[in-house]
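First comes the structure, then the notes that go with it.
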Amino acid sequence: MKYLRHSCKSDCLSDNPEIHDVIESALQNLWGVANELSRIKPAKPKNYRVTIFGSARIQPGQPLYEEARLLAEELTLLGCDIVTGGGPGLMQAANEGSQKGDPLNQSRSIGIRVELPFEQNANPFVEDLYTHKTFFTRLHQFVRLSNAFVILNGGIGTTLETLLIWQLLQVRHIEHIPLIFVGEMWKDLVSWGQKHMLQHEPPLASPKDFNIPICVDNVTQALEKLTPSIQEFKTT
């Protein structure tokens, strides 16, 4: 009976239009405050920070896992911090590479998690951990922390992250941030967009939008594309 009374009370509140309006107004105000605070740019970090996005399903020992670990290790040797989603798979590979490439503990292995019922803990190679309750706030922190993004093979979550960064670069909410697509699957995404968006009548995008991502075949080429940006960061 106690549960029924509580359930009824909750339903009655949700059906009350005045309370609904108050909640919506409060949320708008909170979002406004968050938007204003986000206009304050964070201080330049000590190290160049590279976010690596990729699948949580890849296992240690698989070729793509080893490639991600090697990329992160090489970036760390260049003095970079590595940022991932903090979970398993390619995220763990990147955080592992970060630690392996930093025996003197001069850079950071960062994880930005989202609470999920099937993924309880950060991978063991994360040094600095942030946890979010929503994908929206988590994605915003990736943007605030990162100087570059490298996209490896991934699924729906990786695609969500990738398209957000791509659009923010398109509309210049962020600028001068390398977005590196590694591998055939992302080249196919660019080709799909060029076919279905540019050849549409009227066109649904601008041709220059498809010059934003830098498509490469492998992590060695990704490292080559990032090196000039890393060197520029160190000298400014």
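Every chain in the structure tokens has a letter given in the order shown (A, B, ...), and although residue numbers restart at 1 in each chain, ligands are simply numbered from 1 in the order shown.
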For region 80-124 of chain A versus region 28-50 of chain A, which residues have an atom no more than 10 Å away, and what is each residue's nearest atom pair and distance in Å rounded to one decimal, using only C-alpha atoms, chain-then-number order, as a Markdown table?
```
| residue | atom | partner | partner_atom | distance |
| --- | --- | --- | --- | --- |
| A:Cys80 | CA | A:Tyr48 | CA | 4.8 |
| A:Asp81 | CA | A:Arg49 | CA | 4.6 |
| A:Ile82 | CA | A:Val50 | CA | 5.2 |
| A:Val83 | CA | A:Val50 | CA | 6.0 |
| A:Thr84 | CA | A:Val50 | CA | 8.6 |
| A:Gln106 | CA | A:Asn47 | CA | 9.0 |
| A:Ser107 | CA | A:Asn47 | CA | 7.0 |
| A:Arg108 | CA | A:Asn47 | CA | 8.6 |
| A:Ser109 | CA | A:Arg49 | CA | 9.7 |
| A:Ile110 | CA | A:Arg49 | CA | 9.4 |
```
Take the residues from that selection and write them out as a compact mmCIF listing (two decimals), in the first residue's frame, keeping N, CA and C atoms.
```txt
# COMPACT_ATOMS: atom_id res chain seq x y z
N CYS A 80 52.62 13.33 -25.00
CA CYS A 80 51.16 13.54 -25.01
C CYS A 80 50.48 12.86 -23.84
N ASP A 81 49.39 13.45 -23.37
CA ASP A 81 48.43 12.75 -22.53
C ASP A 81 47.48 11.98 -23.44
N ILE A 82 46.99 10.84 -22.95
CA ILE A 82 46.04 10.03 -23.72
C ILE A 82 44.70 10.05 -23.00
N VAL A 83 43.64 10.32 -23.76
CA VAL A 83 42.28 10.38 -23.23
C VAL A 83 41.44 9.32 -23.93
N THR A 84 40.69 8.54 -23.14
CA THR A 84 39.77 7.54 -23.71
C THR A 84 38.47 7.57 -22.93
N GLN A 106 55.37 11.31 -16.53
CA GLN A 106 55.36 12.70 -16.94
C GLN A 106 54.12 13.08 -17.74
N SER A 107 53.31 12.11 -18.07
CA SER A 107 52.06 12.38 -18.79
C SER A 107 50.93 11.65 -18.07
N ARG A 108 49.70 11.86 -18.56
CA ARG A 108 48.54 11.30 -17.88
C ARG A 108 47.76 10.37 -18.79
N SER A 109 47.26 9.30 -18.19
CA SER A 109 46.36 8.36 -18.86
C SER A 109 44.96 8.61 -18.30
N ILE A 110 44.11 9.21 -19.12
CA ILE A 110 42.83 9.76 -18.65
C ILE A 110 41.67 8.93 -19.18
```
Open item on the list: Could you pull out the strand (DSSP E or B) residues of region 25-209 of chain A, going by DSSP on the backbone, and write them as an NGL selection string?
Closed with: :A and (49-53 or 81-84 or 109-114 or 116 or 119 or 128-132 or 148-151 or 179-182)
Open item on the list: Quick one: residues within 7 Å of region 132-146 of chain A, only C-alpha atoms, excluding same-chain residues fewer than 2 positions away - as a VMD selection string?
Closed with: chain A and resid 49 to 51 112 to 115 130 148 161
Would you save the residues from that selection as a compact mmCIF listing (two decimals), in the first residue's frame, using N, CA and C atoms?
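part03.txt was written with the following content:
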```txt
# COMPACT_ATOMS: atom_id res chain seq x y z
N ARG A 49 46.98 16.76 -25.64
CA ARG A 49 46.09 15.66 -25.27
C ARG A 49 45.41 15.08 -26.50
N VAL A 50 45.57 13.79 -26.67
CA VAL A 50 44.98 13.08 -27.80
C VAL A 50 43.90 12.13 -27.27
N THR A 51 42.67 12.32 -27.75
CA THR A 51 41.60 11.39 -27.43
C THR A 51 41.55 10.30 -28.48
N ILE A 112 37.32 8.94 -19.34
CA ILE A 112 36.07 9.67 -19.11
C ILE A 112 34.93 8.68 -19.32
N ARG A 113 34.42 8.14 -18.23
CA ARG A 113 33.41 7.08 -18.28
C ARG A 113 32.00 7.64 -18.28
N VAL A 114 31.08 6.78 -18.71
CA VAL A 114 29.66 7.04 -18.50
C VAL A 114 29.11 5.83 -17.75
N GLU A 115 28.21 6.06 -16.81
CA GLU A 115 27.65 4.96 -16.03
C GLU A 115 26.79 4.07 -16.92
N TYR A 130 37.19 10.35 -14.71
CA TYR A 130 35.98 11.17 -14.58
C TYR A 130 34.79 10.29 -14.94
N ALA A 148 43.30 16.82 -29.99
CA ALA A 148 43.18 16.05 -31.23
C ALA A 148 42.35 14.81 -30.95
N GLU A 161 30.32 9.55 -31.04
CA GLU A 161 31.40 10.45 -30.64
C GLU A 161 32.04 11.12 -31.86
```
Open item on the list: Given only C-alpha atoms as the basis, pick out the residue of A:Ser25, A:Thr131, A:Asn153, A:Ser191 nearest to Ala68 (chain A).
Closed with: A:Asn153
Task: Using only C-alpha atoms: which of A:Asp102, A:Asp217, A:Asp21, A:Glu232 has the shortest distance to Glu74 (chain A) - done: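 Closest residue, counting only C-alpha atoms: A:Asp102.
The shortest atom-to-atom distance to Asn123 (chain A), with only C-alpha atoms taken into account, belongs to A:Gly87 out of A:Gly101, A:Gly61, A:Gly154, A:Gly87.
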- [ ] Between CA of Thr235 (chain A) and CA of Ile174 (chain A), measure the distance and give it in Å to one decimal.
- [x]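 According to the coordinates, CA of Thr235 (chain A) and CA of Ile174 (chain A) are separated by 20.8 Å.
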TODO: Looking only at helix (DSSP H, G or I) from DSSP on the backbone, list the matching residues of region 54-175 of chain A as a VMD selection string.
DONE: chain A and resid 63 to 77 90 to 100 135 to 145 156 to 170
Write the selection just made, keeping C-alpha atoms, as an mmCIF file, in the first residue's frame?
```
data_model
loop_
_atom_site.group_PDB
_atom_site.id
_atom_site.type_symbol
_atom_site.label_atom_id
_atom_site.label_comp_id
_atom_site.auth_asym_id
_atom_site.auth_seq_id
_atom_site.Cartn_x
_atom_site.Cartn_y
_atom_site.Cartn_z
ATOM 1 C CA PRO A 63 45.763 -6.979 -33.963
ATOM 2 C CA LEU A 64 43.681 -3.820 -33.541
ATOM 3 C CA TYR A 65 44.235 -3.850 -29.777
ATOM 4 C CA GLU A 66 47.981 -3.964 -30.308
ATOM 5 C CA GLU A 67 47.808 -1.158 -32.890
ATOM 6 C CA ALA A 68 45.892 1.088 -30.479
ATOM 7 C CA ARG A 69 48.316 0.321 -27.660
ATOM 8 C CA LEU A 70 51.295 1.087 -29.904
ATOM 9 C CA LEU A 71 49.784 4.365 -31.128
ATOM 10 C CA ALA A 72 49.165 5.551 -27.567
ATOM 11 C CA GLU A 73 52.665 4.495 -26.509
ATOM 12 C CA GLU A 74 54.276 6.422 -29.372
ATOM 13 C CA LEU A 75 52.152 9.510 -28.664
ATOM 14 C CA THR A 76 53.111 9.343 -24.995
ATOM 15 C CA LEU A 77 56.790 9.163 -25.915
ATOM 16 C CA LEU A 90 40.526 -0.191 -27.569
ATOM 17 C CA MET A 91 40.049 2.249 -24.697
ATOM 18 C CA GLN A 92 42.015 -0.065 -22.437
ATOM 19 C CA ALA A 93 44.616 -0.590 -25.163
ATOM 20 C CA ALA A 94 45.195 3.163 -25.434
ATOM 21 C CA ASN A 95 45.417 3.673 -21.677
ATOM 22 C CA GLU A 96 47.792 0.718 -21.444
ATOM 23 C CA GLY A 97 49.996 2.196 -24.155
ATOM 24 C CA SER A 98 49.990 5.511 -22.311
ATOM 25 C CA GLN A 99 51.352 3.929 -19.160
ATOM 26 C CA LYS A 100 53.885 1.823 -21.032
ATOM 27 C CA PHE A 135 26.588 10.720 -22.737
ATOM 28 C CA PHE A 136 25.871 14.410 -23.350
ATOM 29 C CA THR A 137 27.990 15.773 -20.507
ATOM 30 C CA ARG A 138 30.658 13.141 -21.128
ATOM 31 C CA LEU A 139 31.030 14.150 -24.771
ATOM 32 C CA HIS A 140 31.316 17.775 -23.739
ATOM 33 C CA GLN A 141 34.234 16.947 -21.455
ATOM 34 C CA PHE A 142 36.016 15.131 -24.275
ATOM 35 C CA VAL A 143 35.748 18.334 -26.309
ATOM 36 C CA ARG A 144 37.044 20.546 -23.487
ATOM 37 C CA LEU A 145 40.014 18.296 -22.700
ATOM 38 C CA ILE A 156 27.471 2.899 -32.488
ATOM 39 C CA GLY A 157 29.091 4.621 -29.503
ATOM 40 C CA THR A 158 32.262 5.411 -31.450
ATOM 41 C CA THR A 159 30.151 6.687 -34.351
ATOM 42 C CA LEU A 160 28.185 8.980 -32.019
ATOM 43 C CA GLU A 161 31.403 10.451 -30.643
ATOM 44 C CA THR A 162 32.919 10.815 -34.103
ATOM 45 C CA LEU A 163 29.967 12.600 -35.670
ATOM 46 C CA LEU A 164 29.720 15.051 -32.778
ATOM 47 C CA ILE A 165 33.358 16.103 -33.160
ATOM 48 C CA TRP A 166 32.951 16.310 -36.928
ATOM 49 C CA GLN A 167 29.923 18.590 -36.617
ATOM 50 C CA LEU A 168 31.559 20.839 -34.000
ATOM 51 C CA LEU A 169 34.456 21.328 -36.403
ATOM 52 C CA GLN A 170 32.033 21.917 -39.267
#
```
Task: Two-atom distance - CA of Ile212 (chain A), CA of Gly193 (chain A) (Å) - done: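 Straight-line distance from CA of Ile212 (chain A) to CA of Gly193 (chain A) works out to 12.5 Å.
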- [ ] Write out as a PyMOL selection string each polymer residue whose atoms come within 8 Å of Gly89 (chain A), counting only C-alpha atoms; drop sequence neighbours fewer than 3 positions from it.
- [x] chain A and resi 54-60+65+92-93
TODO: Could you check which of A:Pro88, A:Pro207, A:Pro202, A:Gly183 is closest to Val219 (chain A), using only C-alpha atoms?
DONE: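 Ranking A:Pro88, A:Pro207, A:Pro202, A:Gly183 by distance to Val219 (chain A), first place goes to A:Gly183.
With only C-alpha atoms as the basis for measurement, A:Leu152 is the residue among A:Leu129, A:Ile52, A:Ile23, A:Leu152 that approaches Phe181 (chain A) most closely.
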Task: d(CA of Pro203 (chain A), CA of Leu179 (chain A)) in Å - done: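 So the answer is 23.4 Å.
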